[in-house]
Structure formats: structure tokens, C-alpha cells
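**Student:** One file: run.cif (mmCIF, C-alpha atoms).
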data_input
#
loop_
_atom_site.label_atom_id
_atom_site.label_comp_id
_atom_site.auth_asym_id
_atom_site.auth_seq_id
_atom_site.Cartn_x
_atom_site.Cartn_y
_atom_site.Cartn_z
CA MET A 25 80.11 70.74 66.86
CA ASP A 26 83.36 72.07 68.34
CA SER A 27 84.51 71.75 71.96
CA VAL A 28 83.08 75.13 73.04
CA ASP A 29 79.70 74.13 71.64
CA LEU A 30 79.97 70.80 73.40
CA ASP A 31 80.73 72.43 76.74
CA GLN A 32 77.79 74.78 76.28
CA LEU A 33 75.54 71.91 75.26
CA CYS A 34 76.71 69.83 78.22
CA ARG A 35 75.95 72.71 80.60
CA LYS A 36 72.54 73.26 79.02
CA ALA A 37 71.75 69.56 79.27
CA ARG A 38 72.88 69.55 82.90
CA VAL A 39 70.57 72.45 83.74
CA ALA A 40 67.70 70.65 81.99
CA TYR A 41 68.54 67.48 83.94
CA GLU A 42 68.53 69.28 87.31
CA TRP A 43 65.29 71.15 86.57
CA SER A 44 63.65 67.95 85.48
CA ARG A 45 64.70 66.22 88.71
CA LEU A 46 63.44 69.15 90.77
CA ARG A 47 60.11 69.17 88.94
CA ARG A 48 59.71 65.45 89.46
CA ALA A 49 60.64 65.82 93.13
CA LEU A 50 58.04 68.54 93.66
CA ILE A 51 55.34 66.54 91.89
CA GLY A 52 56.39 63.31 93.56
CA PHE A 53 56.37 64.76 97.05
CA ALA A 54 53.22 66.85 96.62
CA PRO A 55 50.95 64.11 98.09
CA ALA A 56 53.00 64.31 101.30
CA LEU A 57 51.53 67.79 101.75
CA VAL A 58 48.24 66.03 102.49
CA VAL A 59 49.97 64.12 105.31
CA ALA A 60 51.45 67.36 106.65
CA ALA A 61 48.16 69.23 106.42
CA GLY A 62 46.24 66.32 108.00
CA ALA A 63 48.70 65.94 110.88
CA SER A 64 48.72 69.70 111.53
CA TRP A 65 44.94 69.93 111.46
CA LEU A 66 44.31 66.85 113.60
CA GLY A 67 46.95 67.97 116.09
CA GLY A 68 44.80 70.99 116.90
CA LYS A 69 47.72 73.46 116.79
CA PRO A 70 48.37 74.04 113.12
CA LEU A 71 50.61 77.06 113.71
CA ALA A 72 52.95 75.06 115.95
CA SER A 73 53.06 72.19 113.43
CA ALA A 74 53.39 74.31 110.27
CA PRO A 75 57.19 74.88 110.48
CA PHE A 76 57.73 71.14 110.85
CA GLY A 77 55.38 70.51 107.94
CA LEU A 78 57.41 72.92 105.83
CA GLY A 79 60.65 71.28 106.95
CA PHE A 80 59.20 67.88 106.15
CA PHE A 81 58.21 69.00 102.66
CA LEU A 82 61.58 70.65 101.95
CA ALA A 83 63.52 67.64 103.25
CA GLY A 84 61.46 65.30 101.08
CA VAL A 85 61.83 67.41 97.94
CA ILE A 86 65.58 67.83 98.44
CA ALA A 87 65.98 64.09 99.01
CA LEU A 88 64.01 63.19 95.88
CA TRP A 89 65.87 65.79 93.81
CA TYR A 90 69.29 64.63 95.03
CA GLY A 91 68.52 60.94 94.45
CA ARG A 92 70.66 58.00 95.52
CA GLU A 93 70.44 57.07 99.22
CA PRO A 94 68.48 60.14 100.37
CA ARG A 95 65.83 59.26 97.77
CA ARG A 96 65.67 55.71 99.12
CA ALA A 97 65.18 57.09 102.61
CA VAL A 98 62.03 59.03 101.70
CA LEU A 99 59.46 56.25 101.91
CA PRO A 100 60.83 54.61 105.09
CA GLY A 101 61.18 58.09 106.60
CA ILE A 102 57.57 59.04 105.92
CA VAL A 103 56.12 55.69 107.00
CA ALA A 104 58.23 55.58 110.15
CA GLY A 105 57.41 59.23 110.88
CA LEU A 106 53.73 58.37 110.88
CA PHE A 107 54.17 56.16 113.98
CA PRO A 108 54.63 59.01 116.46
CA VAL A 109 52.05 61.14 114.66
CA VAL A 110 49.34 58.48 114.78
CA LEU A 111 50.19 57.45 118.35
CA THR A 112 50.21 61.03 119.58
CA LEU A 113 46.97 61.92 117.83
CA ALA A 114 45.34 58.82 119.27
CA ALA A 115 46.73 59.62 122.72
CA MET A 116 45.32 63.14 122.53
CA HIS A 117 41.85 61.66 122.25
CA ILE A 118 42.47 59.47 125.30
CA GLY A 119 43.74 62.44 127.29
CA HIS A 120 44.94 61.32 130.71
CA LEU A 121 45.37 57.90 132.17
CA CYS A 122 44.38 57.77 135.82
CA LEU A 123 45.57 55.05 138.14
CA GLY A 124 43.95 55.67 141.45
CA ALA A 125 44.62 59.24 142.52
CA ARG A 126 47.47 59.78 140.05
CA CYS A 127 46.77 60.88 136.48
CA THR A 128 49.41 61.07 133.74
CA SER A 129 49.27 62.31 130.18
CA VAL A 130 49.71 59.51 127.69
CA CYS A 131 50.73 61.97 124.99
CA MET A 132 54.32 62.13 126.17
CA ALA A 133 54.51 58.36 126.36
CA ALA A 134 53.05 58.18 122.85
CA CYS A 135 55.74 60.55 121.53
CA VAL A 136 58.52 58.50 123.11
CA ALA A 137 57.03 55.17 122.04
CA GLY A 138 56.34 56.48 118.53
CA GLY A 139 59.91 57.74 118.33
CA ILE A 140 61.28 54.34 119.36
CA GLY A 141 59.03 52.59 116.84
CA ALA A 142 60.08 54.99 114.08
CA GLY A 143 63.74 54.51 114.93
CA LEU A 144 63.38 50.74 114.78
CA ALA A 145 61.55 50.92 111.45
CA VAL A 146 64.32 53.07 109.97
CA ASP A 147 66.84 50.58 111.42
CA ILE A 148 65.21 47.57 109.81
CA VAL A 149 65.34 49.04 106.30
CA GLY A 150 68.77 50.63 106.71
CA VAL A 151 70.47 47.57 108.21
CA ARG A 152 68.89 45.12 105.75
CA LYS A 153 69.98 47.16 102.75
CA GLY A 154 73.27 48.25 104.27
CA TYR A 155 72.68 51.90 103.46
CA ARG A 156 75.27 54.62 103.99
CA PRO A 157 75.08 57.68 106.32
CA LEU A 158 73.05 59.84 103.92
CA TYR A 159 70.17 57.38 104.27
CA TRP A 160 70.22 57.65 108.05
CA ILE A 161 70.45 61.44 107.99
CA THR A 162 67.59 61.86 105.51
CA ALA A 163 65.36 59.28 107.14
CA SER A 164 65.99 60.85 110.54
CA ALA A 165 65.17 64.34 109.25
CA LEU A 166 61.93 63.09 107.73
CA VAL A 167 60.93 61.08 110.80
CA LEU A 168 61.65 63.94 113.17
CA CYS A 169 59.82 66.51 111.00
CA THR A 170 56.81 64.21 110.52
CA GLY A 171 56.73 63.12 114.15
CA SER A 172 57.12 66.71 115.35
CA MET A 173 53.90 67.65 113.57
CA GLY A 174 52.11 65.37 116.03
CA CYS A 175 54.26 66.00 119.10
CA ALA A 176 54.55 69.79 118.68
CA CYS A 177 51.14 70.19 120.31
CA LEU A 178 52.76 69.07 123.57
CA GLY A 179 55.37 71.82 123.37
CA TYR A 180 59.10 71.35 123.77
CA GLY A 181 58.54 68.39 126.07
CA GLY A 182 56.86 66.46 123.28
CA LEU A 183 59.69 67.23 120.87
CA VAL A 184 62.32 66.19 123.40
CA GLY A 185 60.39 62.97 124.03
CA LEU A 186 60.22 62.25 120.32
CA VAL A 187 63.93 62.91 119.76
CA ALA A 188 64.90 60.82 122.77
CA GLY A 189 62.67 57.94 121.70
CA TYR A 190 63.88 58.09 118.14
CA GLY A 191 67.48 58.20 119.30
CA MET A 192 66.94 55.08 121.37
CA GLY A 193 65.32 53.31 118.46
CA VAL A 194 67.76 54.27 115.75
CA LEU A 195 71.05 53.98 117.59
CA PRO A 196 71.32 50.17 117.44
CA GLY A 197 70.94 50.23 113.66
CA VAL A 198 73.45 53.04 113.22
CA ALA A 199 75.90 51.22 115.48
CA LEU A 200 75.41 47.96 113.60
CA CYS A 201 76.02 49.62 110.26
CA GLY A 202 79.07 51.39 111.68
CA ILE A 203 80.50 48.11 112.93
CA ARG A 204 79.89 46.42 109.57
CA ARG A 205 81.98 49.05 107.84
CA MET B 11 72.66 55.94 82.51
CA LYS B 12 71.49 53.82 85.42
CA LYS B 13 73.73 55.84 87.74
CA LEU B 14 72.47 59.10 86.28
CA ALA B 15 68.86 58.01 86.67
CA ASP B 16 69.63 57.34 90.33
CA GLY B 17 71.07 60.84 90.75
CA ASP B 18 74.81 60.14 90.49
CA ARG B 19 76.02 63.41 88.92
CA SER B 20 79.54 62.07 88.36
CA ALA B 21 78.08 59.96 85.53
CA PHE B 22 76.74 63.01 83.69
CA ARG B 23 79.75 63.93 81.54
CA PRO B 24 80.64 60.33 80.60
CA VAL B 25 77.03 59.63 79.60
CA PHE B 26 76.95 62.85 77.60
CA GLU B 27 80.16 61.97 75.76
CA LEU B 28 79.13 58.36 75.12
CA LEU B 29 75.72 59.28 73.72
CA LEU B 30 76.74 62.27 71.61
CA GLU B 31 78.41 60.37 68.79
CA PRO B 32 75.65 57.79 68.12
CA THR B 33 72.99 60.49 68.47
CA LEU B 34 74.75 62.73 65.96
CA ARG B 35 75.19 59.82 63.55
CA LEU B 36 71.51 58.90 63.81
CA CYS B 37 70.46 62.50 63.17
CA GLN B 38 72.81 62.78 60.18
CA GLY B 39 71.42 59.53 58.80
CA MET B 40 67.83 60.64 59.19
CA LEU B 41 68.05 64.28 58.16
CA LYS B 42 70.80 64.23 55.49
CA ASN B 43 71.59 67.83 56.29
CA GLU B 44 74.56 68.96 58.35
CA ALA B 45 72.93 71.98 60.01
CA ASP B 46 69.61 70.29 60.73
CA SER B 47 71.29 67.17 62.09
CA ALA B 48 73.50 69.24 64.43
CA ASP B 49 70.41 71.10 65.67
CA ALA B 50 68.50 67.86 66.10
CA ALA B 51 71.41 66.22 67.93
CA GLN B 52 71.67 69.16 70.33
CA LEU B 53 67.94 69.08 71.03
CA ALA B 54 68.01 65.33 71.38
CA MET B 55 70.94 65.37 73.83
CA THR B 56 69.14 67.94 75.98
CA LYS B 57 65.93 65.89 75.91
CA ILE B 58 67.71 62.60 76.64
CA LEU B 59 69.51 64.01 79.65
CA GLU B 60 66.42 65.89 80.79
CA ARG B 61 64.56 62.59 80.82
CA ALA B 62 67.45 60.61 82.33
CA SER B 63 65.54 60.31 85.59
CA ASP B 64 62.73 58.49 83.74
CA TYR B 65 65.13 55.90 82.40
CA ASP B 66 64.22 52.34 83.36
CA PRO B 67 67.46 50.53 84.30
CA ALA B 68 65.95 47.23 83.20
CA ARG B 69 66.05 48.40 79.59
CA PRO B 70 69.15 48.96 77.45
CA ALA B 71 70.16 52.62 77.49
CA LEU B 72 71.28 53.21 73.91
CA PRO B 73 68.03 52.20 72.15
CA TRP B 74 66.10 54.26 74.69
CA ALA B 75 68.28 57.32 74.03
CA LEU B 76 68.22 56.85 70.27
CA ALA B 77 64.43 56.52 70.32
CA ILE B 78 64.28 60.02 71.83
CA ALA B 79 66.79 61.28 69.24
CA GLY B 80 64.77 59.67 66.45
CA TRP B 81 61.66 61.40 67.70
CA GLU B 82 63.46 64.76 67.64
CA CYS B 83 64.62 64.10 64.07
CA ARG B 84 61.10 63.24 62.99
CA THR B 85 59.83 66.44 64.61
CA ILE B 86 62.40 68.45 62.62
CA GLN B 87 61.51 66.52 59.45
CA ARG B 88 57.84 67.31 59.95
CA ALA B 89 58.63 70.98 60.57
CA ARG B 90 60.80 71.01 57.43
CA SER B 91 58.07 69.43 55.30
CA ARG B 92 55.55 71.93 56.68
CA ARG B 93 57.92 74.78 55.74
CA ARG B 94 58.30 73.30 52.27
CA GLU B 95 54.53 73.17 51.89
CA THR B 96 54.39 76.83 52.87
CA LEU B 97 57.10 77.67 50.35
CA GLU B 98 55.15 75.86 47.65
CA ASP B 99 52.18 78.05 48.51
CA VAL B 100 54.32 81.19 48.09
CA GLY B 101 54.41 81.03 44.34
CA PRO B 102 54.96 78.99 41.22
CA GLU B 103 58.66 79.80 41.22
CA ALA B 104 59.11 78.18 44.64
CA ALA B 105 57.04 75.16 43.69
CA ASP B 106 59.05 74.67 40.52
CA GLY B 107 61.56 72.20 42.00
CA VAL B 108 63.26 74.83 44.16
CA THR B 109 64.67 73.48 47.39
CA GLU B 110 64.31 75.23 50.69
CA ASP B 111 68.03 76.12 50.71
CA ASP B 112 67.73 77.70 47.24
CA PHE B 113 64.76 79.69 48.40
CA ILE B 114 66.62 80.96 51.47
CA THR B 115 69.66 81.86 49.34
CA ARG B 116 67.44 83.79 46.95
CA GLN B 117 65.77 85.61 49.80
CA LEU B 118 69.14 86.56 51.27
CA SER B 119 70.46 87.72 47.90
CA ALA B 120 67.35 89.82 47.35
CA ALA B 121 67.78 91.29 50.83
CA ALA B 122 71.44 92.09 50.13
CA VAL B 123 70.56 93.78 46.83
CA ALA B 124 67.86 95.83 48.57
CA ALA B 125 70.36 96.87 51.25
CA MET B 126 72.86 97.81 48.55
CA GLY B 127 70.23 100.11 47.04
CA GLU B 128 70.44 102.16 50.22
CA LEU B 129 74.09 103.01 49.57
CA THR B 130 75.44 105.94 47.58
CA GLN B 131 76.29 105.44 43.93
CA ALA B 132 80.02 105.62 44.72
CA ASP B 133 79.74 102.86 47.33
CA GLN B 134 77.70 100.72 44.95
CA ASP B 135 80.34 101.17 42.23
CA VAL B 136 83.12 100.12 44.59
CA LEU B 137 81.23 97.00 45.69
CA ARG B 138 80.34 96.07 42.11
CA ALA B 139 83.96 96.49 41.09
CA THR B 140 84.98 94.22 43.98
CA PHE B 141 82.35 91.63 43.11
CA TRP B 142 83.18 91.49 39.41
CA ASP B 143 86.87 91.89 40.17
CA CYS B 144 87.10 94.64 37.56
CA ALA B 145 89.05 97.86 37.60
CA ALA B 146 87.62 100.85 39.42
CA ASP B 147 88.56 104.47 38.86
CA VAL B 148 90.96 104.17 41.80
CA SER B 149 93.26 101.37 42.90
CA GLY B 150 95.54 100.16 45.71
CA ALA B 151 95.13 101.50 49.24
CA THR B 152 92.41 103.98 48.26
CA LEU B 153 90.29 101.22 46.75
CA ARG B 154 90.78 99.06 49.81
CA LYS B 155 89.70 101.87 52.16
CA ARG B 156 86.68 102.71 50.01
CA ARG B 157 85.73 99.04 49.85
CA GLU B 158 86.03 98.68 53.62
CA ARG B 159 83.85 101.75 54.19
CA ALA B 160 81.31 100.59 51.60
CA ILE B 161 81.07 97.15 53.24
CA GLN B 162 80.60 98.76 56.65
CA ARG B 163 77.82 100.94 55.29
CA LEU B 164 76.24 97.90 53.60
CA GLN B 165 76.30 96.04 56.90
CA LYS B 166 74.69 99.00 58.64
CA ALA B 167 72.00 99.23 55.96
CA PHE B 168 71.35 95.48 56.20
CA ARG B 169 71.10 95.67 59.95
CA ARG B 170 68.78 98.68 59.77
CA LEU B 171 66.49 97.00 57.24
CA TYR B 172 66.40 93.45 58.62
CA GLY B 173 67.77 93.66 62.13
CA LEU B 174 70.56 91.22 61.14
CA GLY B 175 74.12 91.48 60.04
#
Please express what this file holds, its structure, as C-alpha cells.
**Tutor:**
Amino acid sequence: MDSVDLDQLCRKARVAYEWSRLRRALIGFAPALVVAAGASWLGGKPLASAPFGLGFFLAGVIALWYGREPRRAVLPGIVAGLFPVVLTLAAMHIGHLCLGARCTSVCMAACVAGGIGAGLAVDIVGVRKGYRPLYWITASALVLCTGSMGCACLGYGGLVGLVAGYGMGVLPGVALCGIRR
Amino acid sequence: MKKLADGDRSAFRPVFELLLEPTLRLCQGMLKNEADSADAAQLAMTKILERASDYDPARPALPWALAIAGWECRTIQRARSRRRETLEDVGPEAADGVTEDDFITRQLSAAAVAAMGELTQADQDVLRATFWDCAADVSGATLRKRRERAIQRLQKAFRRLYGLG
């Protein structure tokens, strides 16, 4: 086999390698579609949640295909992202909390609290393992997409609450990792 | 291989280069045929790198890769033995100790003779004279030109008859 053949063979093998990774990523992340569909359906506004579900799926597949730190962020990202979803869905069943004459929606509080919880969960894994920025970016994308499927039913306010809560939760971990480097 | 399994693309070329030589040697050892072993090695390298993501870092990489290469070689061996069985079914001549390579050579020769039959008598004479290295009725530049044209026409006839050439 001469050098031209070798280059061709190397390219062919590389294409096969990338396709194989993509196929595995699609198969590996397919069960997460159930999470996305469930969250969208339970949220009561599937059309509002669908773009986030799609974003969640794409982010997960890309992370699994790419590998390395983004791949390691997938599981913490999904699990942490379930905090705001579950809290918001539970809060939607409670509706409003009335203290005397004043009633407030607990949904917004659930989004913020879920975001903080998700941020802290991502922190714990990231700080313990000393992961690099790609972990934080991927985990954040997955948390925000997953959480948004629950909080989207509250409109922009819910999304802002989620992002603010998540920011508060994740910042200490990011800062700690930044200081360590 | 561990890096590649994790998705580190910078390890691709080094892994490819490190595995190629032992894979090729294994295929040559198993198949005892230059062309088949090169084919098997190419297939094996593609399969190994395609399955790099499945690689378990706890296991040694080379035996894992060579196991895949060995499997490819056995697949080619099985295909070759199946072809040989088919050739043996073709006729007593093929079964009479004729190897697959001999059979292919005979087939190609027969095809070339059939293609030559499509040429004019003059072209056939020129090609025969060239083959037997005997004197034709012309010589020098004229013979060379006639030979060139005859070979071109033979190639065209071969291509027309068999789609090859």
C-alpha cells in the first residue's frame, strides 16, 4: 500500500469513525426523547416546549458524538435539568399559594429554585472532577434546555427565572474551577 | 486508542499508523496472498477505527484490534473457499487441481482472445507478430503505428464486450 492509498484509507477510516460515533450518539440519546416528550406533555404547552426539546436532543447528540468533556457532561446535565422540570410541574399542580389576602404563583419560585438546584448539582460534579470549560458549557446547555421545557409554560418570566437561578447555582463552581487553574 | 475511544481526534492518525503494520502482517500471515491481505488489512483498519468508540480502555488495544483484523481475514478466507467450491462446480477442468488464480488467468486470456476476434485480420496479424516477436510484412515506424492502433482497437473491443479495459 503506497502513501496515496494510505491517505485515502485513513480518510475512509476517519469517515467511518465519525459516522459510527454519530450513530452511537443518536442511539444513546434516543431515550432522552422520552424525557423531552414527557416534560412537554406534562407541561401542558407542548408547542412552547418543543423547540427546547429539540435543542436538548441536538445538544445531547452533539455532546455524545464529540466525546471527551462534553460527553461527560451529558448525564449530570440531564439529571440536573430534571430538577427545575419536576419542581415546575409539581408547582403547576399546586397553582397559587395564598397567605391571607395575597396569592402568589409558586411556579416562578419553582423555576428559580430548580435552577439553583441544577446549578449546584452541575457544580458538584464539575468541581469534584476538575472538568474544563467544555463540561460547563455542555452541562449548562442541557440543563437550560431541559429546564426550559418545564418553565416555558410560564412564558419568558419562567425562562428568566430559570436562567437566573441556574446562574446563581453554577457560578460558585465555575469561579472555584477558574481559581484552581 | 483510549484517547480515540474518548473522542480525541488528534490520536486518530497516530493510532492508524501504529496499527497498520501489525494488521497488515497478521493478514499476510493468515491469507498468504498479497492482494487478499492488502484488501483484508484495509477492511480491518476501517472496521477497527469504526469500532474505536467501543474499545474498552481496561483491555490492551493491540489484541483487541488484531482480533477484529483476524475476523476480517477469516471472512475473506471463507469467501475464498466458497468461491473455490463454486469453481469446482464449474467443471472437471477447474476441479482438476486448478487454483483460483489460474482460473481467473484463463478466463482473462479467453476474454482477450474473444476480443481479438473482433478485430480485422490486419490488426490480428500485427498483434500476433508483436506477441511472437516475429517479422511482419512491414517494419519500423509503420509497424509501431499499426501496433498502437491495433492495441487501441483491442482495448475498445474488450471494453465493449466486457465493460472493462
**Student:** Which residue out of A:Leu50, A:Leu195, A:Leu57, A:Cys122 has the minimum interatomic distance to Ile148 in chain A when all atoms listed in the file are used?
**Tutor:**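 Nearest to Ile148 in chain A: A:Leu195.
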**Student:** Tell me, in Å to one decimal, how far CA of Ala50 in chain B is from CA of Gly17 in chain B.
**Tutor:**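 A separation of 25.8 Å between them.
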**Student:** Could you please tell me, as an mmCIF file with C-alpha atoms, keeping the file's coordinate frame, which residues of chain B have an atom within 9 Å of chain A when using only C-alpha atoms?
**Tutor:**
data_model
loop_
_atom_site.group_PDB
_atom_site.id
_atom_site.type_symbol
_atom_site.label_atom_id
_atom_site.label_comp_id
_atom_site.auth_asym_id
_atom_site.auth_seq_id
_atom_site.Cartn_x
_atom_site.Cartn_y
_atom_site.Cartn_z
ATOM 1 C CA LYS B 13 73.730 55.840 87.740
ATOM 2 C CA ALA B 15 68.860 58.010 86.670
ATOM 3 C CA ASP B 16 69.630 57.340 90.330
ATOM 4 C CA GLY B 17 71.070 60.840 90.750
ATOM 5 C CA ASP B 18 74.810 60.140 90.490
ATOM 6 C CA PHE B 22 76.740 63.010 83.690
ATOM 7 C CA ARG B 23 79.750 63.930 81.540
ATOM 8 C CA PHE B 26 76.950 62.850 77.600
ATOM 9 C CA GLU B 27 80.160 61.970 75.760
ATOM 10 C CA ALA B 48 73.500 69.240 64.430
ATOM 11 C CA GLN B 52 71.670 69.160 70.330
ATOM 12 C CA MET B 55 70.940 65.370 73.830
ATOM 13 C CA THR B 56 69.140 67.940 75.980
ATOM 14 C CA LYS B 57 65.930 65.890 75.910
ATOM 15 C CA ILE B 58 67.710 62.600 76.640
ATOM 16 C CA LEU B 59 69.510 64.010 79.650
ATOM 17 C CA GLU B 60 66.420 65.890 80.790
ATOM 18 C CA ARG B 61 64.560 62.590 80.820
ATOM 19 C CA ALA B 62 67.450 60.610 82.330
ATOM 20 C CA SER B 63 65.540 60.310 85.590
#
**Student:** On this structure, which residues satisfy the PyMOL selection byres ((chain A and resi 114) around 12), written as a PyMOL selection string?
**Tutor:** chain A and resi 63+66-67+106-113+115-120+130-135+138+174-175
**Student:** May I ask which of the residues A:Cys127, A:Val136, A:Leu200, A:Val103 is the closest one to Val151 in chain A, counting all atoms listed in the file?
**Tutor:**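 Once distances to Val151 in chain A are computed over all atoms listed in the file, the minimum belongs to A:Leu200.
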**Student:** Please provide the set of residues having any atom within 12 Å of Ala45 in chain B, restricted to all atoms listed in the file, with same-chain residues fewer than 4 positions apart removed, written as a list in words.
**Tutor:**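 What passes the distance filter is Met25 of chain A; Leu34, Cys37, Gln38, Leu41, Asp49, Ala50, Ala51, Gln52, Ile86 and Asp111 of chain B.
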**Student:** Pick from A:Ala142, A:Ala199, A:Ala176, A:Met192: nearest to Pro70 in chain A, with only C-alpha atoms counted?
**Tutor:**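 Counting only C-alpha atoms, the residue closest to Pro70 in chain A is A:Ala176.
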**Student:** Would you work out the distance separating CA of Leu76 in chain B from CA of Gly39 in chain B, expressed in Å to one decimal?
**Tutor:**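 Atom-to-atom, CA of Leu76 in chain B to CA of Gly39 in chain B, that is 12.2 Å.
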**Student:** In Å, how far is it from CA of Ile161 in chain B to CA of Thr115 in chain B?
**Tutor:** 19.5 Å
